[in-house]
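**Q** Just so it is clear, I am handing over run34.cif, which has mmCIF, C-alpha atoms.
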```
data_input
#
loop_
_atom_site.label_atom_id
_atom_site.label_comp_id
_atom_site.auth_asym_id
_atom_site.auth_seq_id
_atom_site.Cartn_x
_atom_site.Cartn_y
_atom_site.Cartn_z
CA MET A 360 0.00 0.00 0.00
CA ILE A 361 1.35 3.43 -0.89
CA THR A 362 0.55 6.46 1.26
CA LEU A 363 0.63 9.65 -0.81
CA ASN A 364 2.02 11.89 1.91
CA ALA A 365 5.04 9.85 2.96
CA ARG A 366 7.79 11.72 4.78
CA THR A 367 11.13 10.35 5.78
CA LEU A 368 13.69 10.76 8.45
CA PRO A 369 17.44 10.15 8.19
CA GLY A 370 18.14 6.44 8.16
CA SER A 371 14.49 5.44 7.71
CA ASN A 372 13.26 3.12 4.96
CA GLY A 373 10.84 5.51 3.27
CA THR A 374 7.73 4.79 5.32
CA LEU A 375 5.80 7.42 7.25
CA SER A 376 7.81 8.07 10.39
CA ARG A 377 6.93 11.49 11.72
CA PRO A 378 3.76 13.46 12.33
CA PRO A 379 2.58 16.19 9.95
CA ALA A 380 4.15 19.61 10.41
CA GLU A 381 0.81 21.34 11.10
CA PRO A 382 1.33 23.04 14.46
CA ALA A 383 -1.33 22.70 17.14
CA HIS A 384 -0.38 26.21 18.24
CA LEU A 385 2.29 28.81 17.62
CA SER A 386 4.53 30.63 20.08
CA ALA A 387 6.87 33.58 19.75
CA SER A 388 9.85 31.23 20.00
CA SER A 389 8.44 29.03 17.22
CA ILE A 390 7.91 32.04 14.99
CA LYS A 391 11.41 33.31 15.69
CA ASP A 392 12.86 29.83 15.29
CA TYR A 393 11.20 29.21 11.94
CA LEU A 394 12.04 32.63 10.51
CA GLY A 395 15.61 32.33 11.84
CA CYS A 396 16.18 28.92 10.32
CA SER A 397 13.31 26.80 9.03
CA LEU A 398 15.33 23.60 9.12
CA ARG A 399 16.25 24.17 12.76
CA TYR A 400 12.54 24.59 13.50
CA TYR A 401 11.89 21.33 11.62
CA PHE A 402 14.42 19.38 13.68
CA ARG A 403 13.32 20.89 16.97
CA LYS A 404 9.54 21.04 16.64
CA VAL A 405 8.48 18.64 13.90
CA VAL A 406 10.92 15.79 14.30
CA GLY A 407 11.52 16.51 17.99
CA LEU A 408 15.26 15.88 17.94
CA PRO A 409 16.69 16.37 21.43
CA ASP A 410 18.01 19.85 21.97
CA PRO A 411 20.88 19.50 24.41
CA GLY A 412 20.87 22.04 27.20
CA SER A 413 23.86 23.88 28.57
CA ILE A 414 24.96 24.96 32.01
CA ASN A 415 23.96 28.52 31.11
CA LEU A 416 20.46 27.43 30.13
CA HIS A 417 20.19 25.51 33.40
CA LEU A 418 21.28 28.63 35.26
CA GLY A 419 18.64 30.73 33.50
CA SER A 420 15.90 28.21 34.24
CA ALA A 421 16.87 28.01 37.90
CA VAL A 422 16.92 31.81 38.28
CA HIS A 423 13.45 31.89 36.75
CA ALA A 424 12.30 29.28 39.25
CA ALA A 425 13.56 31.42 42.12
CA LEU A 426 11.80 34.54 40.91
CA GLN A 427 8.64 32.56 40.27
CA ALA A 428 8.68 31.31 43.86
CA HIS A 429 9.12 34.87 45.13
CA PHE A 430 6.28 36.32 43.12
CA LEU A 431 3.98 33.37 43.78
CA SER A 432 4.29 34.15 47.47
CA ARG A 433 3.28 37.73 46.78
CA TRP A 434 0.41 36.60 44.57
CA ARG A 435 -0.81 34.36 47.37
CA GLY A 436 -0.74 37.26 49.80
CA GLU A 437 2.15 35.75 51.76
CA GLU A 438 5.33 37.44 52.92
CA PRO A 439 8.08 36.18 50.59
CA VAL A 440 10.79 34.21 52.32
CA ARG A 441 14.23 34.49 50.75
CA GLU A 442 15.13 30.92 51.67
CA THR A 443 12.10 29.68 49.75
CA SER A 444 13.24 31.47 46.59
CA LEU A 445 16.79 30.21 46.99
CA GLY A 446 15.46 26.74 47.70
CA ALA A 447 13.52 26.84 44.46
CA PHE A 448 16.69 27.92 42.64
CA ASN A 449 18.72 25.05 44.09
CA GLU A 450 16.02 22.45 43.50
CA CYS A 451 15.66 23.42 39.86
CA PHE A 452 19.40 23.76 39.26
CA ASP A 453 20.19 20.40 40.88
CA ALA A 454 17.55 18.62 38.83
CA LEU A 455 18.77 20.08 35.55
CA VAL A 456 22.44 19.46 36.26
CA ALA A 457 21.75 15.91 37.41
CA GLY A 458 20.13 15.20 34.06
CA ASP A 459 23.00 16.62 32.03
CA ALA A 460 26.02 14.35 31.86
CA ALA A 461 28.02 17.00 30.02
CA VAL A 462 28.13 19.32 33.02
CA LYS A 463 31.35 19.15 35.04
CA PRO A 464 31.03 19.42 38.82
CA ASP A 465 33.40 22.41 39.03
CA ASP A 466 31.42 24.31 36.42
CA ALA A 467 28.16 23.47 38.18
CA ALA A 468 29.48 24.74 41.49
CA LYS A 469 30.61 28.03 39.99
CA LYS A 470 27.33 28.56 38.19
CA ARG A 471 25.37 27.71 41.32
CA ASP A 472 27.22 30.37 43.29
CA LEU A 473 26.69 32.87 40.50
CA GLY A 474 23.00 31.98 40.28
CA VAL A 475 22.46 32.48 43.99
CA LEU A 476 24.13 35.87 43.73
CA MET A 477 21.96 36.83 40.75
CA VAL A 478 18.80 35.87 42.60
CA GLU A 479 19.79 37.76 45.72
CA THR A 480 20.75 40.81 43.70
CA TYR A 481 17.32 40.85 42.08
CA LEU A 482 15.48 40.30 45.34
CA ASP A 483 17.34 43.31 46.77
CA SER A 484 16.65 45.46 43.72
CA GLU A 485 14.30 48.40 43.45
CA HIS A 486 12.33 46.61 40.73
CA CYS A 487 11.59 43.71 43.06
CA ARG A 488 10.93 45.82 46.13
CA ASP A 489 8.59 48.19 44.29
CA ALA A 490 6.75 45.54 42.27
CA PRO A 491 3.00 45.56 42.96
CA VAL A 492 1.12 42.40 43.86
CA PRO A 493 1.05 40.37 40.64
CA VAL A 494 -2.05 39.57 38.66
CA ALA A 495 -0.43 36.35 37.47
CA VAL A 496 2.91 34.54 37.75
CA GLU A 497 4.37 32.21 35.13
CA VAL A 498 0.96 32.02 33.49
CA ALA A 499 0.28 29.94 30.39
CA LEU A 500 -1.97 31.66 27.87
CA ARG A 501 -3.58 30.24 24.73
CA GLU A 502 -5.77 32.45 22.61
CA ASP A 503 -7.50 32.33 19.26
CA PHE A 504 -7.22 35.36 16.99
CA ALA A 505 -9.12 36.22 13.84
CA ARG A 506 -5.86 37.11 12.08
CA ILE A 507 -4.41 33.61 12.25
CA THR A 508 -5.93 30.15 12.03
CA THR A 509 -3.78 28.52 14.69
CA PRO A 510 -3.99 29.40 18.39
CA LEU A 511 -1.14 31.47 19.77
CA VAL A 512 0.44 30.55 23.08
CA GLY A 513 2.84 32.10 25.51
CA GLN A 514 4.12 31.65 29.05
CA VAL A 515 4.41 35.05 30.68
CA ASP A 516 6.82 35.31 33.59
CA LEU A 517 4.85 37.98 35.38
CA VAL A 518 1.82 40.20 34.83
CA VAL A 519 1.49 43.21 37.14
CA PRO A 520 -0.84 46.18 37.30
CA ASP A 521 0.76 49.33 35.96
CA GLN A 522 2.02 51.54 38.81
CA SER A 523 0.26 54.46 37.14
CA GLY A 524 -2.99 52.68 37.90
CA GLU A 525 -4.03 52.09 34.33
CA GLY A 526 -3.49 48.85 32.49
CA LEU A 527 -1.39 45.75 32.85
CA VAL A 528 2.31 45.18 32.28
CA PRO A 529 3.66 41.79 31.20
CA VAL A 530 7.21 41.29 32.45
CA ASP A 531 9.84 38.93 31.09
CA PHE A 532 13.06 38.08 32.92
CA LYS A 533 16.22 37.28 31.04
CA THR A 534 19.65 36.24 32.25
CA VAL A 535 22.39 37.61 30.03
CA ALA A 536 26.16 37.36 29.88
CA ASN A 537 26.83 41.04 29.27
CA GLN A 538 25.32 44.44 29.77
CA PRO A 539 22.40 44.39 27.32
CA ASP A 540 22.23 46.64 24.28
CA LEU A 541 18.63 47.69 24.91
CA HIS A 542 17.91 48.78 21.38
CA MET A 543 19.11 45.46 19.97
CA GLU A 544 17.38 43.44 22.67
CA GLY A 545 14.12 45.25 22.01
CA PHE A 546 14.49 44.42 18.33
CA LEU A 547 15.36 40.77 18.95
CA HIS A 548 12.44 40.22 21.34
CA GLU A 549 9.90 42.32 19.51
CA ALA A 550 7.72 39.37 18.48
CA GLN A 551 7.64 38.03 22.02
CA LEU A 552 6.64 41.36 23.54
CA VAL A 553 3.93 42.03 20.97
CA LEU A 554 2.56 38.52 21.43
CA TYR A 555 2.44 38.98 25.20
CA GLN A 556 0.45 42.17 24.73
CA LEU A 557 -2.00 40.43 22.40
CA LEU A 558 -2.36 37.41 24.69
CA VAL A 559 -2.83 39.38 27.90
CA GLU A 560 -5.36 41.75 26.36
CA SER A 561 -7.30 38.91 24.77
CA ALA A 562 -7.30 36.83 27.95
CA THR A 563 -8.31 39.64 30.28
CA GLY A 564 -10.33 42.05 28.21
CA GLY A 565 -8.02 44.68 29.67
CA ARG A 566 -5.35 46.91 28.21
CA VAL A 567 -1.58 46.49 28.28
CA SER A 568 -0.08 49.90 29.02
CA GLY A 569 3.58 48.88 28.82
CA ARG A 570 5.88 45.89 28.57
CA GLU A 571 9.06 45.11 30.46
CA ILE A 572 12.14 43.00 30.05
CA VAL A 573 14.25 42.69 33.18
CA PHE A 574 17.82 41.65 32.46
CA ILE A 575 19.94 40.05 35.18
CA THR A 576 23.57 39.96 34.14
CA LYS A 577 25.95 37.13 34.90
CA HIS A 578 28.67 39.40 36.18
CA LYS A 579 30.61 38.85 39.41
CA VAL A 580 28.53 41.76 40.63
CA PRO A 581 25.26 41.08 38.81
CA ARG A 582 23.33 44.03 37.45
CA ILE A 583 19.60 44.47 37.09
CA VAL A 584 18.62 46.36 33.96
CA VAL A 585 14.92 47.12 33.50
CA HIS A 586 13.87 47.87 29.94
CA ARG A 587 10.35 49.21 29.71
CA VAL A 588 8.70 49.82 26.36
CA PRO A 589 5.29 51.33 25.68
CA ARG A 590 2.40 49.26 24.38
CA ALA A 591 2.94 48.07 20.82
CA SER A 592 1.74 50.38 18.06
CA ASP A 593 -0.66 49.26 15.35
CA GLU A 594 2.31 49.11 13.00
CA ALA A 595 4.26 46.84 15.34
CA ILE A 596 1.24 44.60 15.77
CA GLU A 597 0.74 44.36 12.02
CA ARG A 598 4.42 43.52 11.64
CA PHE A 599 3.95 40.71 14.13
CA TRP A 600 0.95 39.31 12.26
CA GLN A 601 2.92 39.31 9.03
CA MET A 602 5.79 37.45 10.69
CA ALA A 603 3.45 34.95 12.34
CA GLY A 604 1.56 34.40 9.09
CA ALA A 605 4.78 33.88 7.16
CA ALA A 606 6.00 31.34 9.69
CA LEU A 607 2.69 29.48 9.80
CA ASP A 608 2.43 29.33 6.00
CA GLY A 609 5.95 27.99 5.73
CA ILE A 610 5.37 25.37 8.41
CA ARG A 611 2.10 24.21 6.92
CA GLU A 612 3.62 23.96 3.45
CA GLU A 613 6.59 22.15 4.98
CA ARG A 614 9.13 24.59 3.59
CA PHE A 615 12.14 23.54 5.63
CA TYR A 616 15.57 24.47 4.33
CA PRO A 617 19.01 25.26 5.74
CA GLN A 618 19.50 28.98 6.29
CA PRO A 619 23.24 29.29 7.01
CA GLY A 620 24.28 32.12 9.24
CA THR A 621 26.19 33.06 12.37
CA ALA A 622 23.76 31.06 14.53
CA CYS A 623 25.09 27.85 12.95
CA ALA A 624 28.14 28.13 15.19
CA TRP A 625 26.09 27.06 18.22
CA CYS A 626 23.29 25.14 16.50
CA ALA A 627 22.63 21.73 18.02
CA PHE A 628 21.50 20.29 14.69
CA LYS A 629 24.54 20.95 12.48
CA GLU A 630 25.13 17.27 11.83
CA SER A 631 21.53 16.56 10.87
CA CYS A 632 21.52 19.69 8.74
CA SER A 633 24.63 18.59 6.88
CA ARG A 634 22.73 15.50 5.69
CA TRP A 635 19.85 17.53 4.21
CA THR A 636 19.64 16.92 0.48
CA GLY A 637 16.57 18.87 -0.50
CA GLU A 638 12.73 18.76 -0.36
CA GLY A 639 12.79 18.13 3.37
CA VAL A 640 14.08 14.60 2.88
CA MET A 641 17.30 13.44 4.46
CA ARG A 642 19.07 10.33 3.21
CA MET B 575 -2.85 -2.28 -5.01
CA ALA B 576 -4.88 0.12 -2.87
CA ILE B 577 -3.83 3.75 -2.84
CA THR B 578 -5.02 5.82 0.11
CA ILE B 579 -6.12 9.41 -0.33
CA GLU B 580 -6.61 11.49 2.81
CA ALA B 581 -8.40 14.75 2.17
CA ASN B 582 -9.10 17.52 4.66
CA TYR B 583 -11.01 20.71 4.12
CA SER B 584 -10.94 23.35 6.84
CA LYS B 585 -12.34 26.83 6.99
CA LYS B 586 -11.92 29.48 9.65
CA LEU B 587 -13.91 32.69 9.69
CA GLY B 588 -12.86 35.80 11.53
CA LEU B 589 -15.76 37.20 13.49
CA PRO B 590 -16.32 40.42 15.43
CA GLU B 591 -14.85 41.08 18.86
CA TYR B 592 -11.66 39.07 18.27
CA SER B 593 -13.60 35.81 17.89
CA SER B 594 -13.40 33.17 15.18
CA HIS B 595 -15.31 30.14 14.01
CA GLN B 596 -13.73 27.03 12.49
CA TYR B 597 -14.94 23.74 11.05
CA SER B 598 -13.07 21.00 9.21
CA VAL B 599 -13.89 17.61 7.72
CA THR B 600 -11.38 14.85 6.98
CA VAL B 601 -12.03 11.87 4.75
CA ARG B 602 -9.86 8.89 3.95
CA THR B 603 -10.64 6.84 0.84
CA GLU B 604 -8.95 4.44 -1.54
CA VAL B 605 -8.45 4.16 -5.26
CA THR B 606 -6.93 1.27 -7.15
CA ASP B 607 -5.06 3.19 -9.85
CA LEU B 608 -2.88 6.29 -9.83
CA ALA B 609 -4.83 7.55 -12.84
CA GLU B 610 -7.93 7.86 -10.63
CA ILE B 611 -6.33 10.23 -8.14
CA GLU B 612 -7.04 13.49 -9.95
CA ALA B 613 -10.74 12.80 -10.41
CA GLU B 614 -11.13 11.44 -6.89
CA SER B 615 -9.33 14.44 -5.43
CA SER B 616 -11.61 16.79 -7.32
CA ARG B 617 -14.67 14.90 -6.13
CA LEU B 618 -13.53 14.91 -2.54
CA TYR B 619 -12.68 18.61 -2.60
CA SER B 620 -16.12 19.49 -3.91
CA LEU B 621 -17.81 17.20 -1.39
CA LEU B 622 -15.83 18.42 1.63
CA GLN B 623 -16.07 22.09 0.70
CA SER B 624 -19.83 21.96 0.27
CA SER B 625 -20.16 20.09 3.57
CA VAL B 626 -18.09 22.63 5.48
CA ASP B 627 -19.68 25.63 3.80
CA ARG B 628 -23.16 24.34 4.58
CA GLU B 629 -22.48 23.77 8.28
CA ILE B 630 -20.19 26.71 9.04
CA ARG B 631 -22.90 29.27 8.27
CA GLU B 632 -24.31 28.69 11.72
CA ALA B 633 -21.76 30.50 13.85
CA GLY B 634 -23.72 29.92 17.04
CA TRP B 635 -23.25 32.19 20.04
CA LEU B 636 -21.00 35.25 19.58
CA PRO B 637 -19.46 37.59 22.16
CA GLY B 638 -21.37 40.85 22.70
CA ARG B 639 -20.46 43.91 20.61
CA GLY B 640 -19.62 47.33 21.90
CA ASN B 641 -16.66 49.25 23.21
CA VAL B 642 -16.62 47.82 26.70
CA PRO B 643 -13.31 45.94 26.95
CA GLU B 644 -14.79 43.20 29.13
CA SER B 645 -17.05 42.23 26.21
CA ARG B 646 -13.97 40.70 24.62
CA VAL B 647 -13.85 38.07 27.28
CA ALA B 648 -15.96 35.09 26.23
CA VAL B 649 -18.84 34.26 28.50
CA VAL B 650 -19.84 30.61 28.43
CA ALA B 651 -23.21 29.70 29.86
CA THR B 652 -24.95 26.44 30.65
CA PRO B 653 -28.72 26.64 30.95
CA GLY B 654 -29.71 27.11 34.58
CA GLU B 655 -26.20 28.19 35.68
CA ALA B 656 -24.52 31.57 35.90
CA ALA B 657 -22.12 32.14 33.02
CA TRP B 658 -18.37 31.44 33.34
CA ARG B 659 -16.07 34.08 31.92
CA CYS B 660 -13.18 31.75 31.13
CA SER B 661 -12.88 29.46 28.10
CA ASP B 662 -14.80 26.21 27.65
CA ARG B 663 -11.57 24.31 27.97
CA GLN B 664 -10.63 26.00 31.24
CA ARG B 665 -14.10 25.53 32.70
CA ALA B 666 -14.02 21.83 31.82
CA LEU B 667 -10.57 21.46 33.37
CA ILE B 668 -11.54 23.19 36.60
CA VAL B 669 -14.66 21.03 36.89
CA LYS B 670 -12.58 17.94 36.17
CA ILE B 671 -10.02 18.83 38.84
CA VAL B 672 -12.80 19.42 41.36
CA GLU B 673 -14.57 16.16 40.56
CA GLU B 674 -11.50 13.93 40.28
CA ASN B 675 -10.07 15.19 43.54
CA GLY B 676 -13.36 15.30 45.44
CA LEU B 677 -12.93 19.00 46.24
CA GLU B 678 -15.57 21.20 47.76
CA ARG B 679 -16.63 23.72 45.15
CA GLU B 680 -16.92 26.34 47.85
CA ALA B 681 -13.27 25.78 48.87
CA VAL B 682 -12.13 26.23 45.30
CA ASN B 683 -14.27 29.33 44.96
CA ASP B 684 -12.79 30.70 48.18
CA LEU B 685 -9.34 30.08 46.79
CA ALA B 686 -10.18 32.00 43.65
CA VAL B 687 -11.46 34.92 45.72
CA GLN B 688 -8.32 34.90 47.86
CA ARG B 689 -6.01 34.97 44.87
CA THR B 690 -7.90 37.23 42.48
CA GLY B 691 -10.70 38.92 44.35
CA LYS B 692 -13.21 37.11 42.17
CA GLY B 693 -15.20 33.89 42.30
CA VAL B 694 -14.44 31.09 39.88
CA ARG B 695 -17.21 32.02 37.44
CA GLU B 696 -15.96 35.61 37.18
CA LEU B 697 -12.35 34.72 36.37
CA ASN B 698 -11.09 35.83 32.99
CA ARG B 699 -8.90 33.44 31.01
CA LEU B 700 -5.63 34.70 32.48
CA GLU B 701 -6.91 34.38 36.03
CA ALA B 702 -8.43 30.96 35.30
CA SER B 703 -5.09 29.74 33.98
CA ALA B 704 -3.41 30.91 37.17
CA LEU B 705 -6.05 29.19 39.32
CA ILE B 706 -5.68 25.93 37.42
CA ASP B 707 -1.92 25.99 37.97
CA GLU B 708 -2.50 26.69 41.65
CA LEU B 709 -4.91 23.78 42.02
CA LEU B 710 -2.54 21.43 40.29
CA GLY B 711 0.60 22.72 42.03
CA SER B 712 2.10 22.19 38.59
CA ARG B 713 4.46 25.11 38.22
CA LYS B 714 8.17 24.37 38.17
CA GLY B 715 10.05 26.05 40.92
CA ALA B 716 6.93 26.68 42.94
CA PRO B 717 7.15 25.44 46.51
CA ALA B 718 6.65 21.70 46.37
CA LYS B 719 3.21 21.57 47.88
CA ARG B 720 -0.27 21.38 46.50
CA HIS B 721 -2.86 23.83 47.60
CA PRO B 722 -4.36 23.19 51.06
CA ALA B 723 -7.67 22.40 49.36
CA PHE B 724 -6.06 19.07 48.48
CA ALA B 725 -4.82 18.35 51.97
CA ALA B 726 -6.56 15.48 53.71
CA GLY B 727 -9.76 16.49 55.42
CA ARG B 728 -9.74 20.11 54.30
CA GLY B 729 -12.23 21.12 51.65
CA VAL B 730 -12.42 17.51 50.51
CA ARG B 731 -15.65 15.64 50.05
CA GLY B 732 -16.10 11.99 50.76
CA SER B 733 -13.39 9.61 51.78
CA ARG B 734 -10.47 10.96 49.72
#
```
Translate the structure described by the file into structure tokens.
**A**
Amino acid sequence: MITLNARTLPGSNGTLSRPPAEPAHLSASSIKDYLGCSLRYYFRKVVGLPDPGSINLHLGSAVHAALQAHFLSRWRGEEPVRETSLGAFNECFDALVAGDAAVKPDDAAKKRDLGVLMVETYLDSEHCRDAPVPVAVEVALREDFARITTPLVGQVDLVVPDQSGEGLVPVDFKTVANQPDLHMEGFLHEAQLVLYQLLVESATGGRVSGREIVFITKHKVPRIVVHRVPRASDEAIERFWQMAGAALDGIREERFYPQPGTACAWCAFKESCSRWTGEGVMR
Amino acid sequence: MAITIEANYSKKLGLPEYSSHQYSVTVRTEVTDLAEIEAESSRLYSLLQSSVDREIREAGWLPGRGNVPESRVAVVATPGEAAWRCSDRQRALIVKIVEENGLEREAVNDLAVQRTGKGVRELNRLEASALIDELLGSRKGAPAKRHPAFAAGRGVRGSR
């Protein structure tokens, strides 16, 4: 029996061996991934090849866990306890490191110490001290929009009421190696910030009055850099829809090709990519 | 030798107040010769399209119009019950969590009021998502405990 829509994987014998590319939903990272390199998106999201982590990714995840614990306490109306946040950091970090055989114990110890310092620096910061009681912490949102036929999803680190009293502010935390170039970071994360605005407004019926990225640097003396941008303009929102539509069309039509660039230097799928021979079929 | 054709026709309509309406039909059939594929495909397309177009005209309930921002939040109602403001999926999940864990609805409602200032039915989709996570204790990094509503003897019906 011949199936008309056969797709193959490297090393397979020509029979159907992976699910269709049609996404059940679309996120900002998927959009950025596909538009950055469609073949990388294919390996990561369609085929589901393992994407090895790194000690820096583990550090970032653990810092997020600590901040989540802090703000959950505030959301619950409890007095945050520093040890609880640091406990969440250590629990997350230990679990991730334990599952990564590539991490050396010395490296893990250094990153742990750095991570604890980063968390404590944030907890002592003005941004943390002055943050209002959150509306939501690490909240998963999934919304349908008339502009696109696939639901859009996002996981927002924090949603707080605007200090001015009007509107909501989605906040995203990022751990970075160096002092951020705010203009470039705003450009790189534009799709994510616009999507958060669309998701929060759709899910609440309210209005997003501003958006924030809070950078925590991995310096010996970590720095907290708060980058606040106003609500996205109509032009920025239209730009997002065009990007999302382009990504969705490409995914649905299974247009997956190598897109060589500087990101190849740290791409986890270089070897699989090198075996690509055209038309999405690897031999 | 049987040749399988799988045909899907889907249509999504954008509707007012940020809503949409979608319907799709999938059919799997067989032909015995490659030469039959073109005609069969054409037949299936016509059949599926007419089926979808006929049914999708009935959009059913739509969110209210107007400039009041809260009108954008879908209100789902079951006859005889006050409407829920969250999505169908969220409502079903909250009900499932309550039933599977033998929770007292009042305890869950109290929890929602404590966290958001609103009862369960008044939660918007963002607040409902947060409540669901709280009930499940499912967030990574959150203190490793489930909400007290799940603790033995507190807010729990029956023998659980």
**Q** Which residues of chain A come within 7 Å of chain B, and for each one, what is the closest pair of atoms and their distance in Å to one decimal, counting all atoms listed in the file, sorted by chain and residue number, as a Markdown table?
**A**
```
| residue | atom | partner | partner_atom | distance |
| --- | --- | --- | --- | --- |
| A:Met360 | CA | B:Ala576 | CA | 5.7 |
| A:Ile361 | CA | B:Ile577 | CA | 5.5 |
| A:Thr362 | CA | B:Thr578 | CA | 5.7 |
| A:Leu363 | CA | B:Ile579 | CA | 6.8 |
| A:Ala424 | CA | B:Gly715 | CA | 4.3 |
| A:Ala425 | CA | B:Gly715 | CA | 6.5 |
| A:Gln427 | CA | B:Ala716 | CA | 6.7 |
| A:Ala428 | CA | B:Ala716 | CA | 5.0 |
| A:Trp434 | CA | B:Arg689 | CA | 6.6 |
| A:Arg435 | CA | B:Arg689 | CA | 5.8 |
| A:Ala447 | CA | B:Gly715 | CA | 5.0 |
| A:Cys451 | CA | B:Gly715 | CA | 6.3 |
| A:Ala495 | CA | B:Ala704 | CA | 6.2 |
| A:Val498 | CA | B:Ala704 | CA | 5.8 |
| A:Ala499 | CA | B:Ser703 | CA | 6.5 |
| A:Leu500 | CA | B:Leu700 | CA | 6.6 |
| A:Phe504 | CA | B:Tyr592 | CA | 5.9 |
| A:Ala505 | CA | B:Gly588 | CA | 4.4 |
| A:Thr508 | CA | B:Lys586 | CA | 6.5 |
| A:Ser561 | CA | B:Arg646 | CA | 6.9 |
| A:Ala562 | CA | B:Arg699 | CA | 4.8 |
| A:Thr563 | CA | B:Asn698 | CA | 5.4 |
| A:Gly564 | CA | B:Glu644 | CA | 4.7 |
| A:Gly565 | CA | B:Pro643 | CA | 6.1 |
```
**Q** Could you work out how far CA of Asp466 (chain A) lies from CA of Asp483 (chain A), giving the answer in Å with one decimal?
**A**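 CA of Asp483 (chain A) sits 25.8 Å away from CA of Asp466 (chain A).
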**Q** Find the residues around Ile583 (chain A) up to 8 Å (all atoms listed in the file counted), leave out those fewer than 3 positions away in its own chain, and share them as a PyMOL selection string.
**A** chain A and resi 480-481+484+573-576
**Q** Please enumerate the residues selected by the PyMOL selection byres ((chain A and resi 527) around 7) when evaluated against the supplied file, formatted as a list in words.
**A** Val518, Val519, Pro520, Asp521, Gly526, Val528, Pro529, Arg566, Val567 and Ser568 of chain A
**Q** Report the distance between CA of Arg602 (chain B) and CA of Leu385 (chain A) in Å, rounded to one decimal place.
**A** 27.0 Å
**Q** What is the distance between CA of Glu549 (chain A) and CA of Lys404 (chain A), in Å to one decimal?
**A**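 Value for the CA of Glu549 (chain A)-CA of Lys404 (chain A) distance: 21.5 Å.
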**Q** Tell me which residues come within 10 Å of (22.9, 26.9, 9.2), as a PyMOL selection string, counting all atoms listed in the file in the file's coordinates.
**A** chain A and resi 395-399+616-626+628-629+632-633
**Q** With only C-alpha atoms as the counted atoms, please give the residues lying no more than 10 Å from Leu455 (chain A), apart from itself and same-chain residues fewer than 3 positions off, as a ChimeraX atom specification.
**A** /A:412-414,416-418,420-421,449-452,458-460,462
**Q** Applied to this file, what does the PyMOL selection byres ((chain A and resi 578) around 12) return in terms of residues, put as a list in words?
**A**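 Written out, the selection comes to Lys470, Asp472, Leu473, Gly474, Leu476, Met477, Thr480, Thr534, Val535, Ala536, Asn537, Gln538, Pro539, Phe574, Ile575, Thr576, Lys577, Lys579, Val580, Pro581, Arg582 and Ile583 of chain A.
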**Q** Mind writing the picked residues with C-alpha atoms as a PDB file, keeping the file's coordinate frame?
**A**
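Below is the file that was written, again-v1.pdb:
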```pdb
ATOM      1  CA  LYS A 470      27.330  28.560  38.190  1.00  0.00           C
ATOM      2  CA  ASP A 472      27.220  30.370  43.290  1.00  0.00           C
ATOM      3  CA  LEU A 473      26.690  32.870  40.500  1.00  0.00           C
ATOM      4  CA  GLY A 474      23.000  31.980  40.280  1.00  0.00           C
ATOM      5  CA  LEU A 476      24.130  35.870  43.730  1.00  0.00           C
ATOM      6  CA  MET A 477      21.960  36.830  40.750  1.00  0.00           C
ATOM      7  CA  THR A 480      20.750  40.810  43.700  1.00  0.00           C
ATOM      8  CA  THR A 534      19.650  36.240  32.250  1.00  0.00           C
ATOM      9  CA  VAL A 535      22.390  37.610  30.030  1.00  0.00           C
ATOM     10  CA  ALA A 536      26.160  37.360  29.880  1.00  0.00           C
ATOM     11  CA  ASN A 537      26.830  41.040  29.270  1.00  0.00           C
ATOM     12  CA  GLN A 538      25.320  44.440  29.770  1.00  0.00           C
ATOM     13  CA  PRO A 539      22.400  44.390  27.320  1.00  0.00           C
ATOM     14  CA  PHE A 574      17.820  41.650  32.460  1.00  0.00           C
ATOM     15  CA  ILE A 575      19.940  40.050  35.180  1.00  0.00           C
ATOM     16  CA  THR A 576      23.570  39.960  34.140  1.00  0.00           C
ATOM     17  CA  LYS A 577      25.950  37.130  34.900  1.00  0.00           C
ATOM     18  CA  LYS A 579      30.610  38.850  39.410  1.00  0.00           C
ATOM     19  CA  VAL A 580      28.530  41.760  40.630  1.00  0.00           C
ATOM     20  CA  PRO A 581      25.260  41.080  38.810  1.00  0.00           C
ATOM     21  CA  ARG A 582      23.330  44.030  37.450  1.00  0.00           C
ATOM     22  CA  ILE A 583      19.600  44.470  37.090  1.00  0.00           C
TER      23      ILE A 583
END
```
**Q** Running the PyMOL selection byres ((chain B and resi 626) around 8) on this model by hand, what would come out? Give it as a ChimeraX atom specification.
**A** /B:583-585,597-599,622-625,627-630
**Q** Can you sort out the box for region 679-694 of chain B, edges along x, y and z, all listed atoms in, 3 Å on every side, with centre and edge lengths in Å to one decimal, as AutoDock Vina command-line options?
**A**
```
--center_x -11.5 --center_y 31.3 --center_z 44.4 --size_x 16.9 --size_y 21.2 --size_z 15.0
```
**Q** Using all atoms listed in the file for the distances, tell me which of A:Ser523, A:Gln551, A:Thr636, A:Ser432 is nearest to Leu511 (chain A).
**A** A:Gln551
**Q** Restricting the calculation to all atoms listed in the file, which member of A:Leu394, A:Lys463, A:Glu502, A:Gly569 is positioned closest to Glu525 (chain A)?
**A**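 Using all atoms listed in the file, Glu525 (chain A) sits closest to A:Gly569.
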**Q** Given the choices A:Gly524, A:Pro510, A:Val588, A:Leu552, which gets closest to His384 (chain A) if the distance is worked out from only C-alpha atoms?
**A**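 Comparing A:Gly524, A:Pro510, A:Val588, A:Leu552 against His384 (chain A), the winner is A:Pro510.
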